[in-house]
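Source file: protein_6.txt. Holds: compact mmCIF, C-alpha atoms.
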```txt
# COMPACT_ATOMS: atom_id res chain seq x y z
CA MET A 820 25.68 -96.04 -1.76
CA VAL A 821 25.64 -92.33 -0.86
CA LEU A 822 21.92 -92.22 -1.63
CA VAL A 823 21.25 -95.15 0.78
CA ALA A 824 23.28 -93.48 3.55
CA ALA A 825 21.33 -90.23 3.08
CA ALA A 826 18.03 -92.11 3.22
CA VAL A 827 19.04 -93.89 6.43
CA ALA A 828 20.16 -90.61 8.00
CA ALA A 829 16.83 -89.01 7.10
CA CYS A 830 14.94 -91.86 8.78
CA VAL A 831 16.67 -91.38 12.13
CA SER A 832 16.81 -87.58 12.11
CA TYR A 833 14.26 -85.69 14.14
CA ASP A 834 13.67 -82.16 15.34
CA PRO A 835 15.03 -81.99 18.92
CA ASP A 836 12.95 -78.89 19.59
CA GLY A 837 9.69 -80.49 18.47
CA PRO A 838 6.76 -78.50 17.11
CA PRO A 839 6.38 -74.90 18.29
CA VAL A 840 4.42 -74.33 21.49
CA PRO A 841 2.93 -71.11 22.89
CA SER A 842 5.29 -69.00 24.98
CA ILE A 843 4.85 -69.77 28.66
CA ASP A 844 7.71 -67.53 29.81
CA GLY A 845 6.89 -64.97 32.47
CA THR A 846 5.92 -64.27 36.05
CA TYR A 847 2.37 -65.19 36.99
CA THR A 848 0.29 -63.95 39.90
CA ALA A 849 -1.65 -66.97 41.11
CA THR A 850 -4.59 -67.69 43.36
CA ILE A 851 -4.55 -71.22 44.74
CA VAL A 852 -7.54 -72.89 46.37
CA THR A 853 -7.02 -76.13 48.30
CA THR A 854 -9.92 -78.26 49.47
CA LEU A 855 -9.63 -81.08 51.98
CA GLU A 856 -12.63 -83.42 52.19
CA ASN A 857 -13.42 -86.52 54.27
CA PRO A 858 -16.32 -87.72 56.48
CA ILE A 859 -15.12 -85.53 59.38
CA GLU A 860 -14.45 -82.24 57.63
CA ILE A 861 -14.66 -80.23 54.45
CA ARG A 862 -12.23 -77.34 54.45
CA SER A 863 -11.11 -74.87 51.78
CA ASP A 864 -8.22 -72.44 51.96
CA THR A 865 -7.23 -69.74 49.48
CA PHE A 866 -3.80 -68.15 49.16
CA THR A 867 -1.70 -66.35 46.59
CA ALA A 868 1.60 -67.21 44.95
CA ALA A 869 4.02 -65.87 42.38
CA ILE A 870 5.15 -68.36 39.74
CA THR A 871 8.06 -67.66 37.42
CA ILE A 872 8.32 -69.96 34.39
CA ARG A 873 10.54 -70.23 31.34
CA GLY A 874 10.46 -72.67 28.45
CA THR A 875 13.55 -74.83 28.11
CA GLY A 876 13.38 -74.83 24.31
CA TYR A 877 13.03 -78.61 24.26
CA ARG A 878 9.71 -80.13 23.17
CA GLY A 879 7.49 -77.88 25.29
CA HIS A 880 9.24 -78.51 28.61
CA PHE A 881 9.23 -75.64 31.09
CA VAL A 882 10.88 -75.02 34.45
CA GLY A 883 10.42 -72.40 37.12
CA THR A 884 9.71 -71.67 40.74
CA TYR A 885 6.75 -70.81 42.91
CA HIS A 886 6.85 -68.43 45.88
CA ILE A 887 4.09 -68.47 48.49
CA ALA A 888 4.31 -65.58 50.92
CA ARG A 889 7.88 -65.37 52.21
CA SER A 890 7.73 -68.76 53.81
CA ASP A 891 7.83 -71.22 50.93
CA SER A 892 9.32 -71.61 47.49
CA GLY A 893 10.23 -74.51 45.28
CA PRO A 894 10.24 -76.00 41.80
CA PHE A 895 7.40 -75.71 39.30
CA ALA A 896 7.89 -77.62 36.04
CA GLY A 897 6.13 -79.58 33.34
CA VAL A 898 5.36 -79.89 29.65
CA LEU A 899 3.30 -77.64 27.39
CA SER A 900 1.68 -78.95 24.20
CA THR A 901 1.08 -77.16 20.93
CA ASP A 902 -2.63 -76.62 21.72
CA GLY A 903 -1.88 -74.94 25.08
CA GLY A 904 -2.66 -78.00 27.20
CA LEU A 905 -0.08 -78.70 29.85
CA ILE A 906 0.95 -81.16 32.52
CA VAL A 907 2.65 -79.97 35.72
CA THR A 908 5.04 -82.66 36.91
CA ASP A 909 6.73 -80.67 39.70
CA PHE A 910 4.93 -78.43 42.16
CA GLY A 911 7.03 -78.53 45.29
CA THR A 912 9.84 -80.89 46.11
CA PRO A 913 9.65 -84.00 43.88
CA PRO A 914 8.71 -86.81 43.50
CA LYS A 915 4.99 -85.91 43.72
CA PRO A 916 3.25 -82.62 42.95
CA ILE A 917 1.68 -80.91 46.00
CA ALA A 918 3.26 -83.25 48.60
CA GLY A 919 6.41 -81.13 48.89
CA VAL A 920 4.73 -77.71 49.11
CA ALA A 921 5.52 -76.70 52.71
CA PHE A 922 2.82 -74.02 52.84
CA ILE A 923 0.09 -76.56 52.01
CA ARG A 924 1.55 -79.15 54.40
CA ASN A 925 1.52 -76.54 57.19
CA LEU A 926 -2.17 -75.79 56.55
CA TYR A 927 -3.04 -79.43 57.33
CA PRO A 928 -0.43 -80.74 59.82
CA TRP A 929 -2.69 -83.67 60.81
CA CYS A 930 -2.31 -85.14 57.30
CA ASP A 931 0.60 -87.29 56.17
CA PHE A 932 1.66 -85.46 52.98
CA PRO A 933 4.69 -87.65 52.24
CA ARG A 934 2.09 -90.39 51.58
CA LEU A 935 -0.03 -88.20 49.28
CA GLY A 936 -1.21 -90.16 46.27
CA THR A 937 -1.26 -87.89 43.26
CA GLY A 938 0.10 -87.75 39.77
CA PRO A 939 0.93 -85.02 37.29
CA MET A 940 -1.53 -82.15 37.31
CA PRO A 941 -3.35 -81.23 34.05
CA GLY A 942 -3.93 -77.66 33.00
CA ALA A 943 -3.92 -75.16 30.17
CA LEU A 944 -2.28 -71.97 29.01
CA SER A 945 -4.56 -69.58 27.15
CA GLY A 946 -3.02 -66.23 26.26
CA ASP A 947 -1.77 -64.84 29.57
CA SER A 948 -3.92 -67.14 31.73
CA LEU A 949 -2.67 -70.34 33.34
CA ARG A 950 -4.96 -72.99 34.85
CA VAL A 951 -3.80 -76.10 36.73
CA ASP A 952 -5.92 -78.63 38.66
CA GLY A 953 -4.66 -81.39 40.91
CA ARG A 954 -6.34 -84.10 42.94
CA GLY A 955 -5.12 -86.81 45.25
CA SER A 956 -5.70 -88.80 48.43
CA VAL A 957 -3.82 -88.33 51.67
CA PRO A 958 -4.16 -90.12 55.03
CA CYS A 959 -5.19 -87.77 57.85
CA PHE A 960 -5.31 -88.39 61.59
CA TYR A 961 -7.89 -86.90 63.96
CA VAL A 962 -8.39 -87.08 67.72
CA LEU A 963 -12.06 -86.88 68.68
CA ALA A 964 -13.51 -88.93 71.55
CA ALA A 965 -11.14 -91.63 70.35
CA PRO A 966 -8.30 -91.31 67.85
CA VAL A 967 -9.31 -91.80 64.24
CA GLY A 968 -6.30 -92.87 62.25
CA ASN A 969 -5.51 -93.09 58.57
CA LEU A 970 -8.76 -91.49 57.40
CA LYS A 971 -8.71 -91.32 53.60
CA THR A 972 -8.99 -87.67 52.63
CA GLU A 973 -9.39 -86.18 49.17
CA ILE A 974 -7.41 -83.04 48.44
CA THR A 975 -7.90 -80.83 45.42
CA VAL A 976 -5.75 -77.94 44.30
CA ARG A 977 -7.02 -75.32 41.83
CA LEU A 978 -4.44 -72.84 40.56
CA ARG A 979 -5.52 -69.86 38.46
CA ALA A 980 -2.86 -67.39 37.36
CA ALA A 981 -2.23 -64.47 35.03
CA ARG A 982 1.01 -62.89 33.79
```

Same coordinates, now as structure tokens:
Amino acid sequence: MVLVAAAVAACVSYDPDGPPVPSIDGTYTATIVTTLENPIEIRSDTFTAAITIRGTGYRGHFVGTYHIARSDSGPFAGVLSTDGGLIVTDFGTPPKPIAGVAFIRNLYPWCDFPRLGTGPMPGALSGDSLRVDGRGSVPCFYVLAAPVGNLKTEITVRLRAAR
């Protein structure tokens, strides 16, 4: 009977920490390039940020904050895998990455960022280098000879950072 109980316990036991992942802890100096593209305009902007990250010790999850200039800061979080691949789930106020980053929203005030369609952002950690790429669609509104409303606009975000 004791042997059966031990076998059952072994079947449901698991490592809560998961397999080891590379250390992501640190403060990163980042360059972020945003590109907005639609039939009316193609625009790119480059700015810098500081990103502080620490692993939570649970299955590759990490949490942290970003700081852009003195005007904007917020959450930066995601999951790191054993091979250094990562997914950023929070970049700005949730629920969607990018949509809650005030600095980016202020660059393009004619776009409706609360309606930004994007998902988690893939990336990678390699040594002391961090790479994250995001893409989504956002409705933008222009006034030319006549108002152009709800113009589908693609936005990309490329983040390159080093600690």

Within 12 Å of Thr875 in chain A, counting only C-alpha atoms, which residues qualify if same-chain residues fewer than 2 places away don't, as an mmCIF file with C-alpha atoms, keeping the file's coordinate frame?
```
data_model
loop_
_atom_site.group_PDB
_atom_site.id
_atom_site.type_symbol
_atom_site.label_atom_id
_atom_site.label_comp_id
_atom_site.auth_asym_id
_atom_site.auth_seq_id
_atom_site.Cartn_x
_atom_site.Cartn_y
_atom_site.Cartn_z
ATOM 1 C CA PRO A 835 15.030 -81.990 18.920
ATOM 2 C CA ASP A 836 12.950 -78.890 19.590
ATOM 3 C CA GLY A 837 9.690 -80.490 18.470
ATOM 4 C CA VAL A 840 4.420 -74.330 21.490
ATOM 5 C CA SER A 842 5.290 -69.000 24.980
ATOM 6 C CA ILE A 843 4.850 -69.770 28.660
ATOM 7 C CA ASP A 844 7.710 -67.530 29.810
ATOM 8 C CA ILE A 872 8.320 -69.960 34.390
ATOM 9 C CA ARG A 873 10.540 -70.230 31.340
ATOM 10 C CA TYR A 877 13.030 -78.610 24.260
ATOM 11 C CA ARG A 878 9.710 -80.130 23.170
ATOM 12 C CA GLY A 879 7.490 -77.880 25.290
ATOM 13 C CA HIS A 880 9.240 -78.510 28.610
ATOM 14 C CA PHE A 881 9.230 -75.640 31.090
ATOM 15 C CA VAL A 882 10.880 -75.020 34.450
ATOM 16 C CA GLY A 883 10.420 -72.400 37.120
ATOM 17 C CA ALA A 896 7.890 -77.620 36.040
ATOM 18 C CA GLY A 897 6.130 -79.580 33.340
ATOM 19 C CA VAL A 898 5.360 -79.890 29.650
ATOM 20 C CA LEU A 899 3.300 -77.640 27.390
#
```

Task: Atom-to-atom span, CA of Thr975 in chain A and CA of Ser956 in chain A, Å - done: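 We find that CA of Thr975 in chain A and CA of Ser956 in chain A lie 8.8 Å from each other.
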
TODO: Between A:Asn925, A:Gly874, A:Pro916, A:Pro838, single out the one closest to Pro894 in chain A, counting only C-alpha atoms.
DONE: A:Pro916

Task: Shortest interatomic distance to Leu978 in chain A - which of A:Arg950, A:Arg934, A:Arg862, A:His886, counting all atoms listed in the file - done: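 Using all atoms listed in the file, Leu978 in chain A sits closest to A:Arg950.
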
Open item on the list: From the options A:Pro928, A:Gly903, A:Thr846, A:Pro914, which residue's atoms come nearest to Thr884 in chain A, counting only C-alpha atoms?
Closed with: A:Thr846

Open item on the list: Taking only C-alpha atoms into account, name the residue in A:Asn969, A:Thr871, A:Ser945, A:Asn857 that is nearest to Gly845 in chain A.
Closed with: A:Thr871
